[in-house]
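Engineer: Have a peek at upload-v8.pdb (PDB, C-alpha atoms).
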ATOM      1  CA  MET A  30      54.365 -18.874 -39.147  1.00  0.00           C
ATOM      2  CA  VAL A  31      53.866 -19.748 -42.793  1.00  0.00           C
ATOM      3  CA  SER A  32      51.551 -22.564 -43.789  1.00  0.00           C
ATOM      4  CA  ILE A  33      52.518 -24.479 -46.919  1.00  0.00           C
ATOM      5  CA  SER A  34      49.549 -25.786 -48.879  1.00  0.00           C
ATOM      6  CA  SER A  35      49.053 -27.407 -52.260  1.00  0.00           C
ATOM      7  CA  SER A  36      46.650 -26.868 -55.133  1.00  0.00           C
ATOM      8  CA  GLY A  37      44.865 -29.218 -57.500  1.00  0.00           C
ATOM      9  CA  SER A  38      42.684 -32.202 -56.733  1.00  0.00           C
ATOM     10  CA  SER A  39      45.500 -34.779 -56.844  1.00  0.00           C
ATOM     11  CA  SER A  40      47.707 -32.687 -54.558  1.00  0.00           C
ATOM     12  CA  GLN A  41      44.856 -32.178 -52.114  1.00  0.00           C
ATOM     13  CA  ARG A  42      44.394 -35.933 -51.883  1.00  0.00           C
ATOM     14  CA  ARG A  43      48.108 -36.424 -51.379  1.00  0.00           C
ATOM     15  CA  TRP A  44      48.409 -33.919 -48.553  1.00  0.00           C
ATOM     16  CA  SER A  45      45.039 -34.502 -46.928  1.00  0.00           C
ATOM     17  CA  THR A  46      46.556 -35.858 -43.700  1.00  0.00           C
ATOM     18  CA  ILE A  47      49.764 -33.811 -43.640  1.00  0.00           C
ATOM     19  CA  ARG A  48      50.382 -30.252 -42.492  1.00  0.00           C
ATOM     20  CA  PHE A  49      53.716 -28.445 -42.781  1.00  0.00           C
ATOM     21  CA  TYR A  50      54.869 -25.315 -41.026  1.00  0.00           C
ATOM     22  CA  ILE A  51      58.083 -23.306 -41.326  1.00  0.00           C
ATOM     23  CA  GLN A  52      58.777 -21.123 -38.337  1.00  0.00           C
ATOM     24  CA  GLY A  53      61.766 -19.082 -37.238  1.00  0.00           C
ATOM     25  CA  CYS A  54      63.196 -15.831 -36.002  1.00  0.00           C
ATOM     26  CA  GLY A  55      66.595 -15.206 -37.542  1.00  0.00           C
ATOM     27  CA  VAL A  56      69.379 -17.299 -39.020  1.00  0.00           C
ATOM     28  CA  GLY A  57      70.297 -20.222 -36.827  1.00  0.00           C
ATOM     29  CA  LEU A  58      66.875 -20.336 -35.165  1.00  0.00           C
ATOM     30  CA  LEU A  59      64.909 -21.402 -38.191  1.00  0.00           C
ATOM     31  CA  PHE A  60      63.462 -24.825 -37.834  1.00  0.00           C
ATOM     32  CA  VAL A  61      61.166 -27.088 -39.707  1.00  0.00           C
ATOM     33  CA  THR A  62      58.272 -28.967 -38.196  1.00  0.00           C
ATOM     34  CA  VAL A  63      56.477 -31.773 -39.922  1.00  0.00           C
ATOM     35  CA  PHE A  64      53.034 -32.753 -38.658  1.00  0.00           C
ATOM     36  CA  ALA A  65      51.651 -36.017 -39.944  1.00  0.00           C
ATOM     37  CA  ASN A  66      48.356 -37.603 -38.981  1.00  0.00           C
ATOM     38  CA  VAL A  67      49.194 -41.205 -39.703  1.00  0.00           C
ATOM     39  CA  TRP A  68      46.456 -43.777 -40.160  1.00  0.00           C
ATOM     40  CA  PHE A  69      47.120 -47.387 -39.232  1.00  0.00           C
ATOM     41  CA  LEU A  70      43.563 -48.710 -39.271  1.00  0.00           C
ATOM     42  CA  MET A  71      44.332 -52.271 -40.365  1.00  0.00           C
ATOM     43  CA  ASP A  72      46.943 -52.873 -37.687  1.00  0.00           C
ATOM     44  CA  THR A  73      44.815 -51.174 -35.033  1.00  0.00           C
ATOM     45  CA  ALA A  74      41.685 -53.117 -36.011  1.00  0.00           C
ATOM     46  CA  ALA A  75      43.591 -56.388 -35.826  1.00  0.00           C
ATOM     47  CA  GLN A  76      44.880 -55.611 -32.348  1.00  0.00           C
ATOM     48  CA  LEU A  77      41.443 -54.487 -31.149  1.00  0.00           C
ATOM     49  CA  LYS A  78      39.967 -57.729 -32.480  1.00  0.00           C
ATOM     50  CA  GLU A  79      42.607 -59.665 -30.556  1.00  0.00           C
ATOM     51  CA  HIS A  80      41.754 -57.773 -27.355  1.00  0.00           C
ATOM     52  CA  GLN A  81      38.051 -58.394 -27.861  1.00  0.00           C
ATOM     53  CA  SER A  82      38.538 -62.102 -28.526  1.00  0.00           C
ATOM     54  CA  ARG A  83      40.441 -62.433 -25.253  1.00  0.00           C
ATOM     55  CA  HIS A  84      37.608 -60.578 -23.558  1.00  0.00           C
ATOM     56  CA  HIS A  85      34.908 -62.931 -24.676  1.00  0.00           C
ATOM     57  CA  ALA A  86      36.862 -66.152 -24.305  1.00  0.00           C
ATOM     58  CA  PRO A  87      35.226 -68.970 -22.249  1.00  0.00           C
ATOM     59  CA  ARG A  88      35.741 -68.703 -18.502  1.00  0.00           C
ATOM     60  CA  GLY A  89      37.996 -71.735 -18.570  1.00  0.00           C
ATOM     61  CA  ALA A  90      40.441 -69.773 -20.718  1.00  0.00           C
ATOM     62  CA  MET A  91      40.601 -66.851 -18.281  1.00  0.00           C
ATOM     63  CA  ALA A  92      43.373 -66.264 -15.789  1.00  0.00           C
ATOM     64  CA  VAL A  93      43.210 -68.423 -12.639  1.00  0.00           C
ATOM     65  CA  GLU A  94      41.850 -65.656 -10.432  1.00  0.00           C
ATOM     66  CA  ASN A  95      38.785 -65.321 -12.703  1.00  0.00           C
ATOM     67  CA  VAL A  96      37.853 -68.995 -13.092  1.00  0.00           C
ATOM     68  CA  ASP A  97      35.562 -69.087 -10.038  1.00  0.00           C
ATOM     69  CA  SER A  98      33.847 -65.819 -10.833  1.00  0.00           C
ATOM     70  CA  ASP A  99      30.344 -65.775 -12.287  1.00  0.00           C
ATOM     71  CA  ALA A 100      30.806 -62.224 -13.537  1.00  0.00           C
ATOM     72  CA  PRO A 101      32.145 -61.653 -17.062  1.00  0.00           C
ATOM     73  CA  HIS A 102      35.754 -60.615 -17.375  1.00  0.00           C
ATOM     74  CA  PRO A 103      35.733 -56.811 -16.975  1.00  0.00           C
ATOM     75  CA  PRO A 104      36.974 -54.923 -20.031  1.00  0.00           C
ATOM     76  CA  SER A 105      37.956 -51.786 -18.122  1.00  0.00           C
ATOM     77  CA  HIS A 106      41.660 -52.711 -17.975  1.00  0.00           C
ATOM     78  CA  VAL A 107      42.019 -52.667 -21.770  1.00  0.00           C
ATOM     79  CA  SER A 108      43.286 -49.312 -23.019  1.00  0.00           C
ATOM     80  CA  PRO A 109      41.784 -48.296 -26.361  1.00  0.00           C
ATOM     81  CA  LEU A 110      44.288 -48.203 -29.186  1.00  0.00           C
ATOM     82  CA  PRO A 111      44.527 -44.945 -31.156  1.00  0.00           C
ATOM     83  CA  THR A 112      43.209 -44.921 -34.705  1.00  0.00           C
ATOM     84  CA  THR A 113      45.542 -42.060 -35.668  1.00  0.00           C
ATOM     85  CA  LEU A 114      48.939 -40.796 -34.602  1.00  0.00           C
ATOM     86  CA  SER A 115      49.774 -37.104 -34.709  1.00  0.00           C
ATOM     87  CA  VAL A 116      53.544 -36.933 -35.157  1.00  0.00           C
ATOM     88  CA  SER A 117      55.596 -33.724 -35.010  1.00  0.00           C
ATOM     89  CA  VAL A 118      59.281 -33.725 -35.978  1.00  0.00           C
ATOM     90  CA  ILE A 119      61.420 -30.606 -35.456  1.00  0.00           C
ATOM     91  CA  SER A 120      64.775 -29.982 -37.163  1.00  0.00           C
ATOM     92  CA  SER A 121      66.833 -26.931 -36.223  1.00  0.00           C
ATOM     93  CA  HIS A 122      70.385 -25.725 -35.648  1.00  0.00           C
ATOM     94  CA  SER A 123      69.967 -26.117 -31.890  1.00  0.00           C
ATOM     95  CA  ARG A 124      67.195 -28.655 -31.388  1.00  0.00           C
ATOM     96  CA  VAL A 125      65.649 -31.875 -32.630  1.00  0.00           C
ATOM     97  CA  ALA A 126      62.382 -33.129 -31.184  1.00  0.00           C
ATOM     98  CA  VAL A 127      59.775 -35.784 -31.903  1.00  0.00           C
ATOM     99  CA  THR A 128      56.289 -35.487 -30.422  1.00  0.00           C
ATOM    100  CA  VAL A 129      53.579 -38.139 -30.659  1.00  0.00           C
ATOM    101  CA  ASN A 130      50.002 -37.141 -29.831  1.00  0.00           C
ATOM    102  CA  ASP A 131      51.341 -34.061 -27.975  1.00  0.00           C
ATOM    103  CA  LYS A 132      53.757 -36.184 -25.913  1.00  0.00           C
ATOM    104  CA  LEU A 133      57.478 -35.442 -26.279  1.00  0.00           C
ATOM    105  CA  VAL A 134      59.310 -38.711 -26.963  1.00  0.00           C
ATOM    106  CA  VAL A 135      62.674 -37.429 -28.278  1.00  0.00           C
ATOM    107  CA  GLN A 136      64.496 -34.166 -27.638  1.00  0.00           C
ATOM    108  CA  ALA A 137      68.097 -33.035 -28.155  1.00  0.00           C
ATOM    109  CA  VAL A 138      69.155 -29.455 -27.457  1.00  0.00           C
ATOM    110  CA  GLY A 139      72.414 -27.544 -27.320  1.00  0.00           C
ATOM    111  CA  GLY A 140      75.313 -26.745 -29.616  1.00  0.00           C
ATOM    112  CA  ASP A 141      77.474 -29.528 -31.037  1.00  0.00           C
ATOM    113  CA  GLN A 142      76.018 -32.128 -28.671  1.00  0.00           C
ATOM    114  CA  ASP A 143      73.992 -34.750 -30.554  1.00  0.00           C
ATOM    115  CA  ARG A 144      74.791 -33.033 -33.852  1.00  0.00           C
ATOM    116  CA  GLY A 145      73.921 -34.832 -37.069  1.00  0.00           C
ATOM    117  CA  VAL A 146      71.111 -37.056 -38.305  1.00  0.00           C
ATOM    118  CA  HIS A 147      68.600 -38.231 -35.695  1.00  0.00           C
ATOM    119  CA  VAL A 148      66.494 -41.320 -36.391  1.00  0.00           C
ATOM    120  CA  ALA A 149      63.544 -42.225 -34.154  1.00  0.00           C
ATOM    121  CA  VAL A 150      61.631 -45.463 -34.693  1.00  0.00           C
ATOM    122  CA  LEU A 151      58.026 -45.570 -33.440  1.00  0.00           C
ATOM    123  CA  HIS A 152      55.517 -48.375 -33.082  1.00  0.00           C
ATOM    124  CA  PRO A 153      52.938 -47.822 -35.833  1.00  0.00           C
ATOM    125  CA  SER A 154      49.867 -48.439 -33.671  1.00  0.00           C
ATOM    126  CA  THR A 155      50.780 -46.964 -30.302  1.00  0.00           C
ATOM    127  CA  GLY A 156      53.451 -44.410 -31.220  1.00  0.00           C
ATOM    128  CA  ARG A 157      55.760 -45.843 -28.550  1.00  0.00           C
ATOM    129  CA  LEU A 158      59.445 -45.000 -29.032  1.00  0.00           C
ATOM    130  CA  MET A 159      61.249 -48.202 -29.970  1.00  0.00           C
ATOM    131  CA  ALA A 160      64.689 -46.806 -30.865  1.00  0.00           C
ATOM    132  CA  HIS A 161      66.543 -43.511 -31.187  1.00  0.00           C
ATOM    133  CA  GLN A 162      70.014 -43.142 -32.695  1.00  0.00           C
ATOM    134  CA  VAL A 163      72.179 -40.137 -33.638  1.00  0.00           C
ATOM    135  CA  PHE A 164      74.732 -40.220 -36.457  1.00  0.00           C
ATOM    136  CA  ASP A 165      77.270 -37.379 -36.622  1.00  0.00           C
ATOM    137  CA  THR A 166      77.498 -37.281 -40.390  1.00  0.00           C
ATOM    138  CA  TYR A 167      79.189 -33.881 -40.221  1.00  0.00           C
ATOM    139  CA  MET A 168      82.385 -34.673 -38.306  1.00  0.00           C
ATOM    140  CA  ASP A 169      82.459 -38.464 -38.406  1.00  0.00           C
ATOM    141  CA  LYS A 170      82.101 -40.804 -41.341  1.00  0.00           C
ATOM    142  CA  THR A 171      79.131 -42.564 -39.787  1.00  0.00           C
ATOM    143  CA  TYR A 172      77.022 -42.688 -42.922  1.00  0.00           C
ATOM    144  CA  ASP A 173      77.610 -46.441 -43.153  1.00  0.00           C
ATOM    145  CA  ALA A 174      76.262 -46.896 -39.614  1.00  0.00           C
ATOM    146  CA  LEU A 175      73.247 -44.766 -40.579  1.00  0.00           C
ATOM    147  CA  MET A 176      72.640 -47.001 -43.593  1.00  0.00           C
ATOM    148  CA  LEU A 177      72.923 -50.149 -41.486  1.00  0.00           C
ATOM    149  CA  PHE A 178      70.490 -48.809 -38.896  1.00  0.00           C
ATOM    150  CA  LEU A 179      67.864 -47.706 -41.442  1.00  0.00           C
ATOM    151  CA  ASN A 180      68.132 -51.012 -43.303  1.00  0.00           C
ATOM    152  CA  SER A 181      67.692 -52.939 -40.046  1.00  0.00           C
ATOM    153  CA  VAL A 182      64.416 -51.237 -39.088  1.00  0.00           C
ATOM    154  CA  THR A 183      61.520 -53.697 -39.148  1.00  0.00           C
ATOM    155  CA  PRO A 184      59.146 -53.113 -42.089  1.00  0.00           C
ATOM    156  CA  GLY A 185      55.977 -51.358 -40.966  1.00  0.00           C
ATOM    157  CA  ARG A 186      57.693 -49.266 -38.284  1.00  0.00           C
ATOM    158  CA  LEU A 187      57.217 -45.510 -38.360  1.00  0.00           C
ATOM    159  CA  VAL A 188      60.547 -43.768 -38.988  1.00  0.00           C
ATOM    160  CA  CYS A 189      61.207 -40.101 -38.135  1.00  0.00           C
ATOM    161  CA  VAL A 190      64.443 -38.519 -39.403  1.00  0.00           C
ATOM    162  CA  ALA A 191      65.732 -35.000 -38.711  1.00  0.00           C
ATOM    163  CA  ILE A 192      68.965 -33.011 -38.840  1.00  0.00           C
ATOM    164  CA  LYS A 193      70.320 -31.106 -35.843  1.00  0.00           C
ATOM    165  CA  ASP A 194      72.817 -28.321 -36.632  1.00  0.00           C
ATOM    166  CA  GLU A 195      74.692 -30.005 -39.529  1.00  0.00           C
ATOM    167  CA  GLY A 196      74.502 -33.507 -40.907  1.00  0.00           C
ATOM    168  CA  THR A 197      75.367 -33.417 -44.603  1.00  0.00           C
ATOM    169  CA  PHE A 198      79.145 -32.961 -44.866  1.00  0.00           C
ATOM    170  CA  ASN A 199      79.785 -36.711 -44.650  1.00  0.00           C
ATOM    171  CA  LEU A 200      76.344 -37.851 -45.763  1.00  0.00           C
ATOM    172  CA  LYS A 201      77.586 -39.814 -48.758  1.00  0.00           C
ATOM    173  CA  PRO A 202      75.510 -40.862 -51.807  1.00  0.00           C
ATOM    174  CA  PRO A 203      74.905 -44.454 -50.604  1.00  0.00           C
ATOM    175  CA  ALA A 204      73.310 -43.136 -47.393  1.00  0.00           C
ATOM    176  CA  ARG A 205      71.241 -40.613 -49.344  1.00  0.00           C
ATOM    177  CA  ALA A 206      70.028 -43.464 -51.545  1.00  0.00           C
ATOM    178  CA  VAL A 207      68.781 -45.376 -48.497  1.00  0.00           C
ATOM    179  CA  ILE A 208      66.907 -42.263 -47.323  1.00  0.00           C
ATOM    180  CA  LYS A 209      65.407 -41.868 -50.806  1.00  0.00           C
ATOM    181  CA  ALA A 210      64.131 -45.437 -50.579  1.00  0.00           C
ATOM    182  CA  PHE A 211      61.840 -44.276 -47.763  1.00  0.00           C
ATOM    183  CA  GLY A 212      60.296 -41.775 -50.184  1.00  0.00           C
ATOM    184  CA  SER A 213      62.390 -38.658 -49.580  1.00  0.00           C
ATOM    185  CA  LYS A 214      62.507 -36.145 -52.435  1.00  0.00           C
ATOM    186  CA  ALA A 215      65.116 -33.934 -50.740  1.00  0.00           C
ATOM    187  CA  ALA A 216      67.810 -36.504 -49.900  1.00  0.00           C
ATOM    188  CA  ASP A 217      70.013 -35.686 -52.903  1.00  0.00           C
ATOM    189  CA  SER A 218      69.774 -31.911 -52.444  1.00  0.00           C
ATOM    190  CA  LEU A 219      70.494 -31.659 -48.698  1.00  0.00           C
ATOM    191  CA  ALA A 220      73.373 -29.208 -48.251  1.00  0.00           C
ATOM    192  CA  TRP A 221      75.473 -27.528 -45.561  1.00  0.00           C
ATOM    193  CA  ARG A 222      73.413 -26.737 -42.426  1.00  0.00           C
ATOM    194  CA  ASP A 223      70.074 -27.267 -44.172  1.00  0.00           C
ATOM    195  CA  MET A 224      67.123 -28.013 -41.923  1.00  0.00           C
ATOM    196  CA  TRP A 225      65.257 -31.192 -42.868  1.00  0.00           C
ATOM    197  CA  ALA A 226      62.692 -33.539 -41.333  1.00  0.00           C
ATOM    198  CA  MET A 227      60.928 -36.623 -42.672  1.00  0.00           C
ATOM    199  CA  VAL A 228      58.252 -39.095 -41.513  1.00  0.00           C
ATOM    200  CA  ALA A 229      57.735 -42.406 -43.317  1.00  0.00           C
ATOM    201  CA  THR A 230      56.709 -45.996 -42.768  1.00  0.00           C
ATOM    202  CA  LYS A 231      59.389 -48.571 -43.577  1.00  0.00           C
ATOM    203  CA  HIS A 232      58.293 -50.292 -46.813  1.00  0.00           C
ATOM    204  CA  GLY A 233      54.999 -48.403 -46.539  1.00  0.00           C
ATOM    205  CA  SER A 234      53.498 -44.943 -46.863  1.00  0.00           C
ATOM    206  CA  PHE A 235      55.474 -41.719 -47.030  1.00  0.00           C
ATOM    207  CA  HIS A 236      53.811 -39.296 -44.605  1.00  0.00           C
ATOM    208  CA  GLY A 237      55.683 -36.017 -44.909  1.00  0.00           C
ATOM    209  CA  GLU A 238      58.917 -34.141 -45.489  1.00  0.00           C
ATOM    210  CA  GLU A 239      60.119 -30.551 -45.221  1.00  0.00           C
ATOM    211  CA  HIS A 240      63.443 -29.083 -46.342  1.00  0.00           C
ATOM    212  CA  HIS A 241      64.697 -25.538 -45.796  1.00  0.00           C
ATOM    213  CA  ARG A 242      67.940 -24.183 -47.218  1.00  0.00           C
ATOM    214  CA  SER A 243      70.386 -22.649 -44.789  1.00  0.00           C
ATOM    215  CA  ALA A 244      71.081 -18.954 -45.366  1.00  0.00           C
ATOM    216  CA  THR A 245      74.532 -19.095 -43.798  1.00  0.00           C
ATOM    217  CA  LEU A 246      77.809 -20.953 -44.295  1.00  0.00           C
ATOM    218  CA  ASP A 247      78.959 -20.337 -40.708  1.00  0.00           C
TER
END
Would you mind writing the file's structure down as structure tokens?
Structural biologist:
Amino acid sequence: MVSISSSGSSSQRRWSTIRFYIQGCGVGLLFVTVFANVWFLMDTAAQLKEHQSRHHAPRGAMAVENVDSDAPHPPSHVSPLPTTLSVSVISSHSRVAVTVNDKLVVQAVGGDQDRGVHVAVLHPSTGRLMAHQVFDTYMDKTYDALMLFLNSVTPGRLVCVAIKDEGTFNLKPPARAVIKAFGSKAADSLAWRDMWAMVATKHGSFHGEEHHRSATLD
């Protein structure tokens, strides 16, 4: 396992919440994992404030079953919202996976099944999976559908993108341009059977990306 780090004060600030690892054992098994600790403090604080305001509302504003109770509305049913999300995205020739806070939310394994570009959309505060689509941009000319899907994602959503097996043969320049708009630096250079993963917020922060060249043309 090789850890990729940066040097210089500006780079250290840039990568302070992102860790990258490249791991593999032989051609075809190499995969890229992107770990991003994503902060969404403003959104989380707003939701917590909303929960707390409901907590301390006058008894007359409570649900019917609590109106006749002299005890304050118990806060135990409110689950605390996370202040960070730890997101792992794996791209490989045989597997794509997305993990949020150590919980697997997306996984595709096998040969040609689910080949292409995988896009997972997560809620920015909870990490809940809101959508997952696969676009076979190797065999099919689905790059336009990929563009439409990425453009339709609600601003502020967390977007995870990864390639399984091969996804560049029909990944045309307009689709690469949409990916670049999320902050990708590798979109234009993705080539045959390259492994690539990216995590970004729509119209927001760019959290991480890793690109590894394929060593084979098979």
Engineer: Using the chain letters and numbering of this document, enumerate as a ChimeraX atom specification the residues selected by the PyMOL selection byres ((chain A and resi 201) around 10).
Structural biologist: /A:166,170-173,197-200,202-206,217
Engineer: List as a list in words the protein and nucleic acid residues near Asp143 in chain A, meaning an atom at most 9 Å away when all atoms listed in the file are counted, but skip any in the same chain fewer than 2 places from it.
Structural biologist: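 Near Asp143 in chain A, the qualifying residues are Ala137, Val138, Gly139, Gly140, Asp141, Gly145, Val146, His147, Val163, Phe164, Asp165, Lys193 and Asp194 of chain A.
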Engineer: Please measure the separation of CA of Glu239 in chain A and CA of Lys214 in chain A, giving the value in Å to one decimal.
Structural biologist: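 Taking CA of Glu239 in chain A and CA of Lys214 in chain A, their separation equals 9.4 Å.
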Engineer: For Gln136 in chain A, which residue out of A:Ala191, A:Met176, A:Asp169, A:Thr113 is the nearest one, using all atoms listed in the file?
Structural biologist: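 The closest residue to Gln136 in chain A is A:Ala191.
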Engineer: Which of these residues is nearest to Ala149 in chain A, using all atoms listed in the file: A:Gln162, A:Ser123, A:Asn180, A:Ser243?
Structural biologist: A:Gln162
Engineer: Interatomic distance between CA of Val118 in chain A and CA of Tyr167 in chain A?
Structural biologist: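 Atom-to-atom, CA of Val118 in chain A to CA of Tyr167 in chain A, that is 20.4 Å.
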Engineer: Report the distance between CA of Glu238 in chain A and CA of Ala226 in chain A in Å, rounded to one decimal place.
Structural biologist: 5.6 Å
Engineer: Please enumerate the residues selected by the PyMOL selection byres ((chain A and resi 222) around 10) when evaluated against the supplied file, formatted as a list in words.
Structural biologist: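 Selected by the PyMOL selection byres ((chain A and resi 222) around 10) here: Gly57, Ser121, His122, Gly145, Tyr167, Ile192, Lys193, Asp194, Glu195, Gly196, Thr197, Phe198, Leu219, Ala220, Trp221, Asp223, Met224, Trp225, His241, Arg242, Ser243, Ala244, Thr245, Leu246 and Asp247 of chain A.
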Engineer: Might you pull out every residue within 8 Å of range 129-132 of chain A, with only C-alpha atoms counted and same-chain residues fewer than 3 positions away left off, and present them as number ranges by chain?
Structural biologist: A: 114-117, 156
Engineer: Report the residues retrieved by the PyMOL selection byres ((chain A and resi 161) around 10) from the displayed file, expressed as a list in words.
Structural biologist: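 Checking the PyMOL selection byres ((chain A and resi 161) around 10) against this file, the residues are Val134, Val135, His147, Val148, Ala149, Val150, Leu151, Leu158, Met159, Ala160, Gln162, Val163, Val188, Cys189 and Val190 of chain A.
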Engineer: Closest to Val182 in chain A among A:Phe235, A:Phe211, A:Val125, A:Thr112, using all atoms listed in the file?
Structural biologist: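 Result for the nearest residue to Val182 in chain A: A:Phe211.
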Engineer: Would you mind putting N, CA, C and O atoms back on range 151-169 of chain A and writing the result as a CSV table (one decimal), in the coordinates of the input?
Structural biologist:
chain,number,residue,atom,x,y,z
A,151,LEU,N,59.2,-45.5,-34.3
A,151,LEU,CA,58.0,-45.6,-33.4
A,151,LEU,C,57.2,-46.8,-33.8
A,151,LEU,O,57.2,-47.2,-35.0
A,152,HIS,N,56.5,-47.3,-32.8
A,152,HIS,CA,55.5,-48.4,-33.1
A,152,HIS,C,54.4,-47.8,-33.9
A,152,HIS,O,53.8,-46.7,-33.5
A,153,PRO,N,53.9,-48.4,-35.0
A,153,PRO,CA,52.9,-47.8,-35.8
A,153,PRO,C,51.5,-47.7,-35.3
A,153,PRO,O,50.7,-46.9,-35.7
A,154,SER,N,51.2,-48.5,-34.2
A,154,SER,CA,49.9,-48.4,-33.7
A,154,SER,C,49.8,-47.6,-32.4
A,154,SER,O,48.8,-46.8,-32.2
A,155,THR,N,50.8,-47.7,-31.6
A,155,THR,CA,50.8,-47.0,-30.3
A,155,THR,C,51.6,-45.7,-30.3
A,155,THR,O,51.4,-44.8,-29.4
A,156,GLY,N,52.6,-45.6,-31.2
A,156,GLY,CA,53.5,-44.4,-31.2
A,156,GLY,C,54.6,-44.5,-30.2
A,156,GLY,O,55.3,-43.6,-30.0
A,157,ARG,N,54.7,-45.7,-29.6
A,157,ARG,CA,55.8,-45.8,-28.6
A,157,ARG,C,57.1,-45.8,-29.2
A,157,ARG,O,57.4,-46.3,-30.3
A,158,LEU,N,58.1,-45.1,-28.5
A,158,LEU,CA,59.4,-45.0,-29.0
A,158,LEU,C,60.1,-46.3,-28.9
A,158,LEU,O,60.2,-46.9,-27.8
A,159,MET,N,60.6,-46.9,-30.0
A,159,MET,CA,61.2,-48.2,-30.0
A,159,MET,C,62.8,-48.1,-30.1
A,159,MET,O,63.5,-49.0,-29.6
A,160,ALA,N,63.2,-47.0,-30.7
A,160,ALA,CA,64.7,-46.8,-30.9
A,160,ALA,C,64.9,-45.4,-31.2
A,160,ALA,O,64.1,-44.7,-31.9
A,161,HIS,N,66.1,-44.9,-30.8
A,161,HIS,CA,66.5,-43.5,-31.2
A,161,HIS,C,68.1,-43.5,-31.3
A,161,HIS,O,68.8,-43.9,-30.3
A,162,GLN,N,68.6,-43.2,-32.5
A,162,GLN,CA,70.0,-43.1,-32.7
A,162,GLN,C,70.4,-41.8,-33.3
A,162,GLN,O,69.6,-41.2,-34.1
A,163,VAL,N,71.6,-41.4,-33.1
A,163,VAL,CA,72.2,-40.1,-33.6
A,163,VAL,C,73.5,-40.5,-34.4
A,163,VAL,O,74.3,-41.2,-33.9
A,164,PHE,N,73.6,-39.9,-35.6
A,164,PHE,CA,74.7,-40.2,-36.5
A,164,PHE,C,75.4,-38.9,-36.8
A,164,PHE,O,74.7,-38.1,-37.6
A,165,ASP,N,76.6,-38.6,-36.4
A,165,ASP,CA,77.3,-37.4,-36.6
A,165,ASP,C,77.9,-37.4,-38.0
A,165,ASP,O,79.1,-37.6,-38.2
A,166,THR,N,77.1,-37.2,-39.0
A,166,THR,CA,77.5,-37.3,-40.4
A,166,THR,C,78.1,-36.0,-40.9
A,166,THR,O,78.4,-35.8,-42.0
A,167,TYR,N,78.4,-35.1,-39.9
A,167,TYR,CA,79.2,-33.9,-40.2
A,167,TYR,C,80.7,-34.2,-39.9
A,167,TYR,O,81.5,-34.1,-40.8
A,168,MET,N,81.0,-34.5,-38.7
A,168,MET,CA,82.4,-34.7,-38.3
A,168,MET,C,82.9,-36.1,-38.6
A,168,MET,O,84.0,-36.3,-39.1
A,169,ASP,N,82.0,-37.1,-38.3
A,169,ASP,CA,82.5,-38.5,-38.4
A,169,ASP,C,81.9,-39.1,-39.7
A,169,ASP,O,80.8,-38.7,-40.1
